[in-house]
file work_21.pdb (PDB, N, CA and C atoms)
MODEL        1
ATOM      1  N   MET E 635     139.171  53.217 -62.780
ATOM      2  CA  MET E 635     138.285  53.454 -63.889
ATOM      3  C   MET E 635     137.811  54.901 -63.851
ATOM      4  N   LEU E 636     137.674  55.505 -65.022
ATOM      5  CA  LEU E 636     137.235  56.895 -65.096
ATOM      6  C   LEU E 636     135.722  57.002 -65.236
ATOM      7  N   PHE E 637     135.168  58.035 -64.611
ATOM      8  CA  PHE E 637     133.747  58.333 -64.688
ATOM      9  C   PHE E 637     133.569  59.835 -64.833
ATOM     10  N   VAL E 638     132.502  60.216 -65.525
ATOM     11  CA  VAL E 638     132.082  61.614 -65.566
ATOM     12  C   VAL E 638     130.772  61.687 -64.795
ATOM     13  N   ALA E 639     130.751  62.522 -63.780
ATOM     14  CA  ALA E 639     129.536  62.712 -62.989
ATOM     15  C   ALA E 639     128.973  64.090 -63.328
ATOM     16  N   GLU E 640     127.741  64.119 -63.826
ATOM     17  CA  GLU E 640     127.046  65.380 -64.066
ATOM     18  C   GLU E 640     126.185  65.638 -62.838
ATOM     19  N   TYR E 641     126.211  66.865 -62.341
ATOM     20  CA  TYR E 641     125.408  67.150 -61.156
ATOM     21  C   TYR E 641     124.680  68.476 -61.304
ATOM     22  N   GLU E 642     123.609  68.585 -60.544
ATOM     23  CA  GLU E 642     122.889  69.854 -60.459
ATOM     24  C   GLU E 642     122.254  69.952 -59.085
ATOM     25  N   LEU E 643     122.061  71.182 -58.644
ATOM     26  CA  LEU E 643     121.452  71.425 -57.348
ATOM     27  C   LEU E 643     120.622  72.692 -57.405
ATOM     28  N   SER E 644     119.775  72.833 -56.435
ATOM     29  CA  SER E 644     118.887  73.991 -56.383
ATOM     30  C   SER E 644     119.433  75.019 -55.395
ATOM     31  N   TRP E 645     118.859  76.212 -55.436
ATOM     32  CA  TRP E 645     119.221  77.255 -54.474
ATOM     33  C   TRP E 645     119.006  76.755 -53.045
ATOM     34  N   ASP E 646     117.916  76.019 -52.835
ATOM     35  CA  ASP E 646     117.583  75.536 -51.490
ATOM     36  C   ASP E 646     118.661  74.607 -50.927
ATOM     37  N   ALA E 647     119.329  73.865 -51.791
ATOM     38  CA  ALA E 647     120.324  72.886 -51.338
ATOM     39  C   ALA E 647     121.750  73.440 -51.331
ATOM     40  N   LEU E 648     121.935  74.673 -51.777
ATOM     41  CA  LEU E 648     123.281  75.217 -51.960
ATOM     42  C   LEU E 648     124.145  75.137 -50.703
ATOM     43  N   ASP E 649     123.655  75.592 -49.570
ATOM     44  CA  ASP E 649     124.465  75.580 -48.343
ATOM     45  C   ASP E 649     124.839  74.156 -47.931
ATOM     46  N   ALA E 650     123.897  73.226 -48.033
ATOM     47  CA  ALA E 650     124.169  71.836 -47.656
ATOM     48  C   ALA E 650     125.208  71.212 -48.596
ATOM     49  N   VAL E 651     125.100  71.493 -49.888
ATOM     50  CA  VAL E 651     126.055  70.927 -50.848
ATOM     51  C   VAL E 651     127.448  71.497 -50.623
ATOM     52  N   ILE E 652     127.546  72.787 -50.365
ATOM     53  CA  ILE E 652     128.860  73.392 -50.084
ATOM     54  C   ILE E 652     129.484  72.730 -48.859
ATOM     55  N   ALA E 653     128.698  72.544 -47.803
ATOM     56  CA  ALA E 653     129.215  71.908 -46.585
ATOM     57  C   ALA E 653     129.670  70.478 -46.867
ATOM     58  N   LYS E 654     128.873  69.735 -47.646
ATOM     59  CA  LYS E 654     129.240  68.355 -47.965
ATOM     60  C   LYS E 654     130.499  68.300 -48.828
ATOM     61  N   ARG E 655     130.670  69.244 -49.740
ATOM     62  CA  ARG E 655     131.882  69.257 -50.564
ATOM     63  C   ARG E 655     133.106  69.528 -49.699
ATOM     64  N   LEU E 656     132.987  70.441 -48.755
ATOM     65  CA  LEU E 656     134.117  70.742 -47.877
ATOM     66  C   LEU E 656     134.451  69.558 -46.969
ATOM     67  N   GLU E 657     133.453  68.755 -46.606
ATOM     68  CA  GLU E 657     133.672  67.554 -45.784
ATOM     69  C   GLU E 657     134.272  66.409 -46.594
ATOM     70  N   TRP E 658     134.050  66.403 -47.916
ATOM     71  CA  TRP E 658     134.386  65.246 -48.732
ATOM     72  C   TRP E 658     135.867  64.879 -48.684
ATOM     73  N   ASP E 659     136.748  65.849 -48.644
ATOM     74  CA  ASP E 659     138.179  65.540 -48.648
ATOM     75  C   ASP E 659     138.559  64.655 -47.458
ATOM     76  N   ASP E 660     137.881  64.825 -46.317
ATOM     77  CA  ASP E 660     138.138  63.980 -45.151
ATOM     78  C   ASP E 660     137.342  62.676 -45.193
ATOM     79  N   ALA E 661     136.192  62.688 -45.871
ATOM     80  CA  ALA E 661     135.305  61.520 -45.880
ATOM     81  C   ALA E 661     135.577  60.550 -47.029
ATOM     82  N   LYS E 662     136.254  61.000 -48.075
ATOM     83  CA  LYS E 662     136.398  60.146 -49.270
ATOM     84  C   LYS E 662     137.170  58.876 -48.946
ATOM     85  N   PRO E 663     136.769  57.776 -49.578
ATOM     86  CA  PRO E 663     137.430  56.492 -49.323
ATOM     87  C   PRO E 663     138.716  56.349 -50.128
ATOM     88  N   GLU E 664     139.502  55.356 -49.750
ATOM     89  CA  GLU E 664     140.666  54.990 -50.550
ATOM     90  C   GLU E 664     140.163  54.614 -51.935
ATOM     91  N   GLY E 665     140.918  54.933 -52.951
ATOM     92  CA  GLY E 665     140.548  54.545 -54.302
ATOM     93  C   GLY E 665     139.635  55.529 -55.003
ATOM     94  N   PHE E 666     139.401  56.693 -54.412
ATOM     95  CA  PHE E 666     138.576  57.730 -55.048
ATOM     96  C   PHE E 666     139.435  58.969 -55.221
ATOM     97  N   ARG E 667     139.414  59.518 -56.442
ATOM     98  CA  ARG E 667     140.184  60.739 -56.699
ATOM     99  C   ARG E 667     139.452  61.602 -57.724
ATOM    100  N   PHE E 668     139.313  62.888 -57.412
ATOM    101  CA  PHE E 668     138.807  63.825 -58.402
ATOM    102  C   PHE E 668     139.937  64.120 -59.380
ATOM    103  N   VAL E 669     139.684  63.931 -60.665
ATOM    104  CA  VAL E 669     140.637  64.315 -61.698
ATOM    105  C   VAL E 669     140.404  65.789 -62.025
ATOM    106  N   GLY E 670     139.147  66.199 -61.977
ATOM    107  CA  GLY E 670     138.786  67.601 -62.205
ATOM    108  C   GLY E 670     137.342  67.839 -61.808
ATOM    109  N   GLU E 671     137.045  69.077 -61.444
ATOM    110  CA  GLU E 671     135.684  69.490 -61.095
ATOM    111  C   GLU E 671     135.423  70.829 -61.778
ATOM    112  N   TYR E 672     134.286  70.918 -62.444
ATOM    113  CA  TYR E 672     134.003  72.123 -63.217
ATOM    114  C   TYR E 672     132.542  72.517 -63.061
ATOM    115  N   VAL E 673     132.300  73.814 -62.926
ATOM    116  CA  VAL E 673     130.947  74.350 -62.886
ATOM    117  C   VAL E 673     130.627  74.903 -64.270
ATOM    118  N   LEU E 674     129.453  74.543 -64.792
ATOM    119  CA  LEU E 674     129.004  75.058 -66.089
ATOM    120  C   LEU E 674     128.289  76.374 -65.827
ATOM    121  N   GLN E 675     128.852  77.458 -66.301
ATOM    122  CA  GLN E 675     128.357  78.780 -65.951
ATOM    123  C   GLN E 675     127.251  79.293 -66.861
ATOM    124  N   ASP E 676     126.984  78.631 -67.949
ATOM    125  CA  ASP E 676     125.976  79.133 -68.882
ATOM    126  C   ASP E 676     124.759  78.223 -68.956
ATOM    127  N   ARG E 677     124.476  77.516 -67.904
ATOM    128  CA  ARG E 677     123.398  76.536 -67.922
ATOM    129  C   ARG E 677     122.361  76.824 -66.849
ATOM    130  N   GLU E 678     121.222  76.202 -67.022
ATOM    131  CA  GLU E 678     120.187  76.192 -66.003
ATOM    132  C   GLU E 678     120.047  74.769 -65.515
ATOM    133  N   PRO E 679     119.848  74.484 -64.271
ATOM    134  CA  PRO E 679     119.811  75.424 -63.163
ATOM    135  C   PRO E 679     121.172  76.087 -62.959
ATOM    136  N   PRO E 680     121.203  77.146 -62.189
ATOM    137  CA  PRO E 680     122.440  77.918 -62.073
ATOM    138  C   PRO E 680     123.597  77.160 -61.435
ATOM    139  N   PHE E 681     123.302  76.114 -60.688
ATOM    140  CA  PHE E 681     124.369  75.330 -60.070
ATOM    141  C   PHE E 681     124.397  73.959 -60.704
ATOM    142  N   ARG E 682     125.207  73.848 -61.727
ATOM    143  CA  ARG E 682     125.306  72.614 -62.490
ATOM    144  C   ARG E 682     126.760  72.444 -62.913
ATOM    145  N   GLY E 683     127.236  71.211 -62.925
ATOM    146  CA  GLY E 683     128.618  71.013 -63.316
ATOM    147  C   GLY E 683     128.932  69.559 -63.568
ATOM    148  N   ILE E 684     130.230  69.292 -63.739
ATOM    149  CA  ILE E 684     130.704  67.927 -63.937
ATOM    150  C   ILE E 684     131.919  67.691 -63.051
ATOM    151  N   ALA E 685     132.107  66.441 -62.718
ATOM    152  CA  ALA E 685     133.312  66.013 -62.013
ATOM    153  C   ALA E 685     133.873  64.815 -62.773
ATOM    154  N   ILE E 686     135.159  64.835 -63.027
ATOM    155  CA  ILE E 686     135.845  63.693 -63.619
ATOM    156  C   ILE E 686     136.429  62.930 -62.431
ATOM    157  N   ILE E 687     136.064  61.650 -62.328
ATOM    158  CA  ILE E 687     136.411  60.859 -61.149
ATOM    159  C   ILE E 687     137.210  59.630 -61.578
ATOM    160  N   ASP E 688     138.248  59.323 -60.824
ATOM    161  CA  ASP E 688     138.983  58.079 -60.977
ATOM    162  C   ASP E 688     138.665  57.253 -59.733
ATOM    163  N   ALA E 689     137.966  56.128 -59.919
ATOM    164  CA  ALA E 689     137.567  55.286 -58.783
ATOM    165  C   ALA E 689     138.038  53.859 -59.014
ATOM    166  N   ASP E 690     138.623  53.271 -57.983
ATOM    167  CA  ASP E 690     139.125  51.903 -58.073
ATOM    168  C   ASP E 690     138.033  50.853 -57.924
ATOM    169  N   SER E 691     136.874  51.249 -57.366
ATOM    170  CA  SER E 691     135.823  50.268 -57.107
ATOM    171  C   SER E 691     134.450  50.933 -57.175
ATOM    172  N   VAL E 692     133.447  50.110 -57.335
ATOM    173  CA  VAL E 692     132.065  50.593 -57.326
ATOM    174  C   VAL E 692     131.743  51.172 -55.955
ATOM    175  N   GLU E 693     132.267  50.558 -54.906
ATOM    176  CA  GLU E 693     132.020  51.047 -53.547
ATOM    177  C   GLU E 693     132.547  52.471 -53.358
ATOM    178  N   ALA E 694     133.724  52.749 -53.902
ATOM    179  CA  ALA E 694     134.284  54.102 -53.802
ATOM    180  C   ALA E 694     133.406  55.105 -54.539
ATOM    181  N   LEU E 695     132.922  54.722 -55.708
ATOM    182  CA  LEU E 695     132.044  55.600 -56.481
ATOM    183  C   LEU E 695     130.705  55.790 -55.771
ATOM    184  N   ASN E 696     130.138  54.711 -55.242
ATOM    185  CA  ASN E 696     128.867  54.799 -54.524
ATOM    186  C   ASN E 696     128.963  55.685 -53.293
ATOM    187  N   SER E 697     130.106  55.670 -52.627
ATOM    188  CA  SER E 697     130.244  56.497 -51.430
ATOM    189  C   SER E 697     130.131  57.982 -51.768
ATOM    190  N   PHE E 698     130.557  58.350 -52.967
ATOM    191  CA  PHE E 698     130.421  59.739 -53.426
ATOM    192  C   PHE E 698     128.941  60.123 -53.517
ATOM    193  N   ALA E 699     128.153  59.287 -54.193
ATOM    194  CA  ALA E 699     126.722  59.568 -54.342
ATOM    195  C   ALA E 699     126.016  59.540 -52.992
ATOM    196  N   LEU E 700     126.348  58.577 -52.150
ATOM    197  CA  LEU E 700     125.701  58.474 -50.839
ATOM    198  C   LEU E 700     126.064  59.640 -49.927
ATOM    199  N   HIS E 701     127.263  60.164 -50.066
ATOM    200  CA  HIS E 701     127.689  61.301 -49.242
ATOM    201  C   HIS E 701     126.790  62.520 -49.471
ATOM    202  N   TYR E 702     126.442  62.767 -50.717
ATOM    203  CA  TYR E 702     125.604  63.928 -51.037
ATOM    204  C   TYR E 702     124.123  63.647 -50.850
ATOM    205  N   GLY E 703     123.723  62.397 -50.968
ATOM    206  CA  GLY E 703     122.314  62.042 -50.773
ATOM    207  C   GLY E 703     121.394  62.840 -51.672
ATOM    208  N   PRO E 704     120.224  63.230 -51.153
ATOM    209  CA  PRO E 704     119.246  63.925 -51.990
ATOM    210  C   PRO E 704     119.557  65.399 -52.252
ATOM    211  N   THR E 705     120.657  65.925 -51.703
ATOM    212  CA  THR E 705     120.975  67.339 -51.922
ATOM    213  C   THR E 705     121.441  67.608 -53.346
ATOM    214  N   LEU E 706     121.833  66.561 -54.056
ATOM    215  CA  LEU E 706     122.428  66.709 -55.379
ATOM    216  C   LEU E 706     121.815  65.683 -56.326
ATOM    217  N   LYS E 707     121.444  66.128 -57.517
ATOM    218  CA  LYS E 707     121.046  65.190 -58.570
ATOM    219  C   LYS E 707     122.319  64.830 -59.327
ATOM    220  N   ILE E 708     122.638  63.528 -59.367
ATOM    221  CA  ILE E 708     123.891  63.083 -59.981
ATOM    222  C   ILE E 708     123.601  62.013 -61.030
ATOM    223  N   ARG E 709     124.235  62.159 -62.186
ATOM    224  CA  ARG E 709     124.234  61.130 -63.227
ATOM    225  C   ARG E 709     125.699  60.772 -63.483
ATOM    226  N   VAL E 710     126.010  59.491 -63.400
ATOM    227  CA  VAL E 710     127.396  59.043 -63.542
ATOM    228  C   VAL E 710     127.527  58.199 -64.807
ATOM    229  N   HIS E 711     128.557  58.484 -65.599
ATOM    230  CA  HIS E 711     128.812  57.788 -66.857
ATOM    231  C   HIS E 711     130.230  57.236 -66.843
ATOM    232  N   PRO E 712     130.419  55.963 -67.215
ATOM    233  CA  PRO E 712     131.788  55.470 -67.387
ATOM    234  C   PRO E 712     132.438  56.220 -68.552
ATOM    235  N   ALA E 713     133.731  56.442 -68.467
ATOM    236  CA  ALA E 713     134.422  57.215 -69.500
ATOM    237  C   ALA E 713     135.812  56.632 -69.732
ATOM    238  N   SER E 714     136.420  57.053 -70.812
ATOM    239  CA  SER E 714     137.815  56.707 -71.067
ATOM    240  C   SER E 714     138.454  57.886 -71.798
ATOM    241  N   ASP E 715     139.768  57.911 -71.762
ATOM    242  CA  ASP E 715     140.446  58.970 -72.503
ATOM    243  C   ASP E 715     140.326  58.672 -73.997
ATOM    244  N   VAL E 716     140.500  59.678 -74.814
ATOM    245  CA  VAL E 716     140.287  59.562 -76.254
ATOM    246  C   VAL E 716     141.227  58.540 -76.890
ATOM    247  N   VAL E 717     142.482  58.553 -76.531
ATOM    248  CA  VAL E 717     143.444  57.635 -77.145
ATOM    249  C   VAL E 717     143.067  56.187 -76.843
ATOM    250  N   SER E 718     142.677  55.889 -75.612
ATOM    251  CA  SER E 718     142.253  54.521 -75.275
ATOM    252  C   SER E 718     140.999  54.132 -76.041
ATOM    253  N   ALA E 719     140.062  55.050 -76.194
ATOM    254  CA  ALA E 719     138.836  54.756 -76.934
ATOM    255  C   ALA E 719     139.145  54.480 -78.403
ATOM    256  N   ILE E 720     140.065  55.226 -78.983
ATOM    257  CA  ILE E 720     140.460  54.995 -80.375
ATOM    258  C   ILE E 720     141.087  53.614 -80.513
ATOM    259  N   ARG E 721     141.932  53.241 -79.572
ATOM    260  CA  ARG E 721     142.554  51.907 -79.609
ATOM    261  C   ARG E 721     141.488  50.813 -79.549
ATOM    262  N   MET E 722     140.468  51.006 -78.708
ATOM    263  CA  MET E 722     139.429  49.989 -78.569
ATOM    264  C   MET E 722     138.677  49.778 -79.873
ATOM    265  N   VAL E 723     138.351  50.844 -80.585
ATOM    266  CA  VAL E 723     137.567  50.691 -81.812
ATOM    267  C   VAL E 723     138.426  50.421 -83.039
ATOM    268  N   SER E 724     139.733  50.571 -82.915
ATOM    269  CA  SER E 724     140.591  50.347 -84.085
ATOM    270  C   SER E 724     141.193  48.952 -84.116
ATOM    271  N   GLY E 725     140.768  48.085 -83.211
ATOM    272  CA  GLY E 725     141.241  46.716 -83.268
ATOM    273  C   GLY E 725     142.246  46.354 -82.202
ATOM    274  N   ASN E 726     142.720  47.295 -81.442
ATOM    275  CA  ASN E 726     143.665  46.993 -80.366
ATOM    276  C   ASN E 726     142.891  46.778 -79.071
ATOM    277  N   GLY E 727     142.060  45.753 -79.047
ATOM    278  CA  GLY E 727     141.290  45.470 -77.844
ATOM    279  C   GLY E 727     139.840  45.860 -77.970
ATOM    280  N   GLY E 728     139.412  46.262 -79.163
ATOM    281  CA  GLY E 728     138.033  46.681 -79.354
ATOM    282  C   GLY E 728     137.167  45.590 -79.929
ATOM    283  N   SER E 729     135.946  45.936 -80.236
ATOM    284  CA  SER E 729     135.031  44.946 -80.785
ATOM    285  C   SER E 729     135.281  44.763 -82.273
ATOM    286  N   PRO E 730     135.165  43.524 -82.753
ATOM    287  CA  PRO E 730     135.414  43.257 -84.168
ATOM    288  C   PRO E 730     134.405  43.965 -85.057
ATOM    289  N   GLY E 731     134.861  44.330 -86.232
ATOM    290  CA  GLY E 731     133.967  44.965 -87.187
ATOM    291  C   GLY E 731     133.860  46.467 -87.037
ATOM    292  N   ARG E 732     134.429  47.027 -86.001
ATOM    293  CA  ARG E 732     134.368  48.469 -85.783
ATOM    294  C   ARG E 732     135.766  49.040 -85.914
ATOM    295  N   LYS E 733     136.292  49.019 -87.074
ATOM    296  CA  LYS E 733     137.649  49.505 -87.314
ATOM    297  C   LYS E 733     137.623  50.977 -87.702
ATOM    298  N   VAL E 734     138.595  51.702 -87.237
ATOM    299  CA  VAL E 734     138.768  53.087 -87.647
ATOM    300  C   VAL E 734     139.575  53.058 -88.926
ATOM    301  N   ARG E 735     139.065  53.658 -89.964
ATOM    302  CA  ARG E 735     139.750  53.656 -91.249
ATOM    303  C   ARG E 735     140.710  54.815 -91.326
ATOM    304  N   SER E 736     141.900  54.523 -91.769
ATOM    305  CA  SER E 736     142.870  55.597 -91.944
ATOM    306  C   SER E 736     142.731  56.138 -93.360
ATOM    307  N   ARG E 737     142.984  57.390 -93.527
ATOM    308  CA  ARG E 737     142.931  58.018 -94.839
ATOM    309  C   ARG E 737     144.214  57.764 -95.575
ATOM    310  N   LYS E 738     144.091  57.374 -96.822
ATOM    311  CA  LYS E 738     145.296  57.163 -97.633
ATOM    312  C   LYS E 738     145.615  58.457 -98.343
ATOM    313  N   LYS E 739     146.884  58.762 -98.375
ATOM    314  CA  LYS E 739     147.324  60.012 -99.018
ATOM    315  C   LYS E 739     147.720  59.758-100.431
TER     316      LYS E 739
ENDMDL
END
call {"tool": "encode", "arguments": {"input": "work_21.pdb", "output": "structure tokens"}}
result
Amino acid sequence: MLFVAEYELSWDALDAVIAKRLEWDDAKPEGFRFVGEYVLQDREPPFRGIAIIDADSVEALNSFALHYGPTLKIRVHPASDVVSAIRMVSGNGGSPGRKVRSRKK
């Protein structure tokens, strides 16, 4: 399952977060994979970003948050790719009554 994790940290936590990120590749559990990691350069606080995560279980996702502990403020959101989301709302596995209307030419 895909998740978007938004994170932010303070100057005081910077060294600890860097160390924890470098440790993560050895500590991460089976079923956890970073799809992408990005730092937002035009935001406050100065150290803020997102990580796109593919996790097979809640335990794998929780281990990510527990690894960083209080050094990082993390908000995690379930996500899906755009094509899958369109299929869900257009009737191919989505909720009834929420159809995507196609434009007639």
call {"tool": "residues_around", "arguments": {"input": "work_21.pdb", "residues": "Ile684 in chain E", "least_positions_apart": "4", "cutoff": "6 Å", "atoms": "only C-alpha atoms", "output": "list in words"}}
result
Ala639, Glu640, Glu671 and Tyr672 of chain E
call {"tool": "select_by_dssp", "arguments": {"input": "work_21.pdb", "residues": "chain E", "states": "strand (DSSP E)", "output": "compact mmCIF listing (two decimals) with N, CA and C atoms, in the coordinates of the input"}}
result
# COMPACT_ATOMS: atom_id res chain seq x y z
N LEU E 636 137.67 55.50 -65.02
CA LEU E 636 137.24 56.90 -65.10
C LEU E 636 135.72 57.00 -65.24
N PHE E 637 135.17 58.04 -64.61
CA PHE E 637 133.75 58.33 -64.69
C PHE E 637 133.57 59.84 -64.83
N VAL E 638 132.50 60.22 -65.53
CA VAL E 638 132.08 61.61 -65.57
C VAL E 638 130.77 61.69 -64.80
N ALA E 639 130.75 62.52 -63.78
CA ALA E 639 129.54 62.71 -62.99
C ALA E 639 128.97 64.09 -63.33
N GLU E 640 127.74 64.12 -63.83
CA GLU E 640 127.05 65.38 -64.07
C GLU E 640 126.18 65.64 -62.84
N TYR E 641 126.21 66.86 -62.34
CA TYR E 641 125.41 67.15 -61.16
C TYR E 641 124.68 68.48 -61.30
N GLU E 642 123.61 68.58 -60.54
CA GLU E 642 122.89 69.85 -60.46
C GLU E 642 122.25 69.95 -59.08
N LEU E 643 122.06 71.18 -58.64
CA LEU E 643 121.45 71.42 -57.35
C LEU E 643 120.62 72.69 -57.40
N PHE E 666 139.40 56.69 -54.41
CA PHE E 666 138.58 57.73 -55.05
C PHE E 666 139.44 58.97 -55.22
N ARG E 667 139.41 59.52 -56.44
CA ARG E 667 140.18 60.74 -56.70
C ARG E 667 139.45 61.60 -57.72
N PHE E 668 139.31 62.89 -57.41
CA PHE E 668 138.81 63.82 -58.40
C PHE E 668 139.94 64.12 -59.38
N VAL E 669 139.68 63.93 -60.66
CA VAL E 669 140.64 64.32 -61.70
C VAL E 669 140.40 65.79 -62.02
N GLY E 670 139.15 66.20 -61.98
CA GLY E 670 138.79 67.60 -62.20
C GLY E 670 137.34 67.84 -61.81
N GLU E 671 137.04 69.08 -61.44
CA GLU E 671 135.68 69.49 -61.10
C GLU E 671 135.42 70.83 -61.78
N TYR E 672 134.29 70.92 -62.44
CA TYR E 672 134.00 72.12 -63.22
C TYR E 672 132.54 72.52 -63.06
N VAL E 673 132.30 73.81 -62.93
CA VAL E 673 130.95 74.35 -62.89
C VAL E 673 130.63 74.90 -64.27
N PHE E 681 123.30 76.11 -60.69
CA PHE E 681 124.37 75.33 -60.07
C PHE E 681 124.40 73.96 -60.70
N ARG E 682 125.21 73.85 -61.73
CA ARG E 682 125.31 72.61 -62.49
C ARG E 682 126.76 72.44 -62.91
N GLY E 683 127.24 71.21 -62.92
CA GLY E 683 128.62 71.01 -63.32
C GLY E 683 128.93 69.56 -63.57
N ILE E 684 130.23 69.29 -63.74
CA ILE E 684 130.70 67.93 -63.94
C ILE E 684 131.92 67.69 -63.05
N ALA E 685 132.11 66.44 -62.72
CA ALA E 685 133.31 66.01 -62.01
C ALA E 685 133.87 64.82 -62.77
N ILE E 686 135.16 64.83 -63.03
CA ILE E 686 135.84 63.69 -63.62
C ILE E 686 136.43 62.93 -62.43
N ILE E 687 136.06 61.65 -62.33
CA ILE E 687 136.41 60.86 -61.15
C ILE E 687 137.21 59.63 -61.58
N ASP E 688 138.25 59.32 -60.82
CA ASP E 688 138.98 58.08 -60.98
C ASP E 688 138.66 57.25 -59.73
N ALA E 689 137.97 56.13 -59.92
CA ALA E 689 137.57 55.29 -58.78
C ALA E 689 138.04 53.86 -59.01
N LYS E 707 121.44 66.13 -57.52
CA LYS E 707 121.05 65.19 -58.57
C LYS E 707 122.32 64.83 -59.33
N ILE E 708 122.64 63.53 -59.37
CA ILE E 708 123.89 63.08 -59.98
C ILE E 708 123.60 62.01 -61.03
N ARG E 709 124.24 62.16 -62.19
CA ARG E 709 124.23 61.13 -63.23
C ARG E 709 125.70 60.77 -63.48
N VAL E 710 126.01 59.49 -63.40
CA VAL E 710 127.40 59.04 -63.54
C VAL E 710 127.53 58.20 -64.81
N HIS E 711 128.56 58.48 -65.60
CA HIS E 711 128.81 57.79 -66.86
C HIS E 711 130.23 57.24 -66.84
N PRO E 712 130.42 55.96 -67.22
CA PRO E 712 131.79 55.47 -67.39
C PRO E 712 132.44 56.22 -68.55
N ALA E 713 133.73 56.44 -68.47
CA ALA E 713 134.42 57.22 -69.50
C ALA E 713 135.81 56.63 -69.73
call {"tool": "axis_aligned_box", "arguments": {"input": "work_21.pdb", "around": "range 635-653 of chain E", "padding_each_side": "4 Å", "output": "AutoDock Vina command-line options"}}
result
--center_x 128.4 --center_y 65.2 --center_z -56.1 --size_x 29.6 --size_y 32.0 --size_z 27.0
call {"tool": "closest_residue", "arguments": {"input": "work_21.pdb", "among": "E:Pro680, E:Leu674, E:Glu642, E:Phe637", "to": "Leu695 in chain E", "atoms": "only C-alpha atoms"}}
result
E:Phe637
call {"tool": "residues_around", "arguments": {"input": "work_21.pdb", "residues": "Ala650 in chain E", "least_positions_apart": "2", "cutoff": "12 Å", "atoms": "only C-alpha atoms", "output": "MDAnalysis selection string"}}
result
chainID E and resid 643:648 652:657 701:706
call {"tool": "residues_around", "arguments": {"input": "work_21.pdb", "residues": "Ser697 in chain E", "least_positions_apart": "6", "cutoff": "8 Å", "atoms": "only N, CA and C atoms", "output": "PyMOL selection string"}}
result
chain E and resi 661-663+691+703
call {"tool": "atom_distance", "arguments": {"input": "work_21.pdb", "atom1": "atom N of Ile687 in chain E", "atom2": "atom C of Gly665 in chain E"}}
result
10.2 Å
call {"tool": "atom_distance", "arguments": {"input": "work_21.pdb", "atom1": "CA of Glu664 in chain E", "atom2": "atom C of Ala719 in chain E"}}
result
27.9 Å
call {"tool": "resolve_selection", "arguments": {"input": "work_21.pdb", "expression": "the PyMOL selection byres ((chain E and resi 690) around 6)", "output": "number ranges by chain"}}
result
E: 635, 665-666, 688-689, 691-692
call {"tool": "select_by_dssp", "arguments": {"input": "work_21.pdb", "residues": "chain E", "states": "helix (DSSP H, G or I)", "output": "PyMOL selection string"}}
result
chain E and resi 645-661+692-705+716-723
call {"tool": "atom_distance", "arguments": {"input": "work_21.pdb", "atom1": "atom N of Asp676 in chain E", "atom2": "CA of Leu700 in chain E"}}
result
26.5 Å
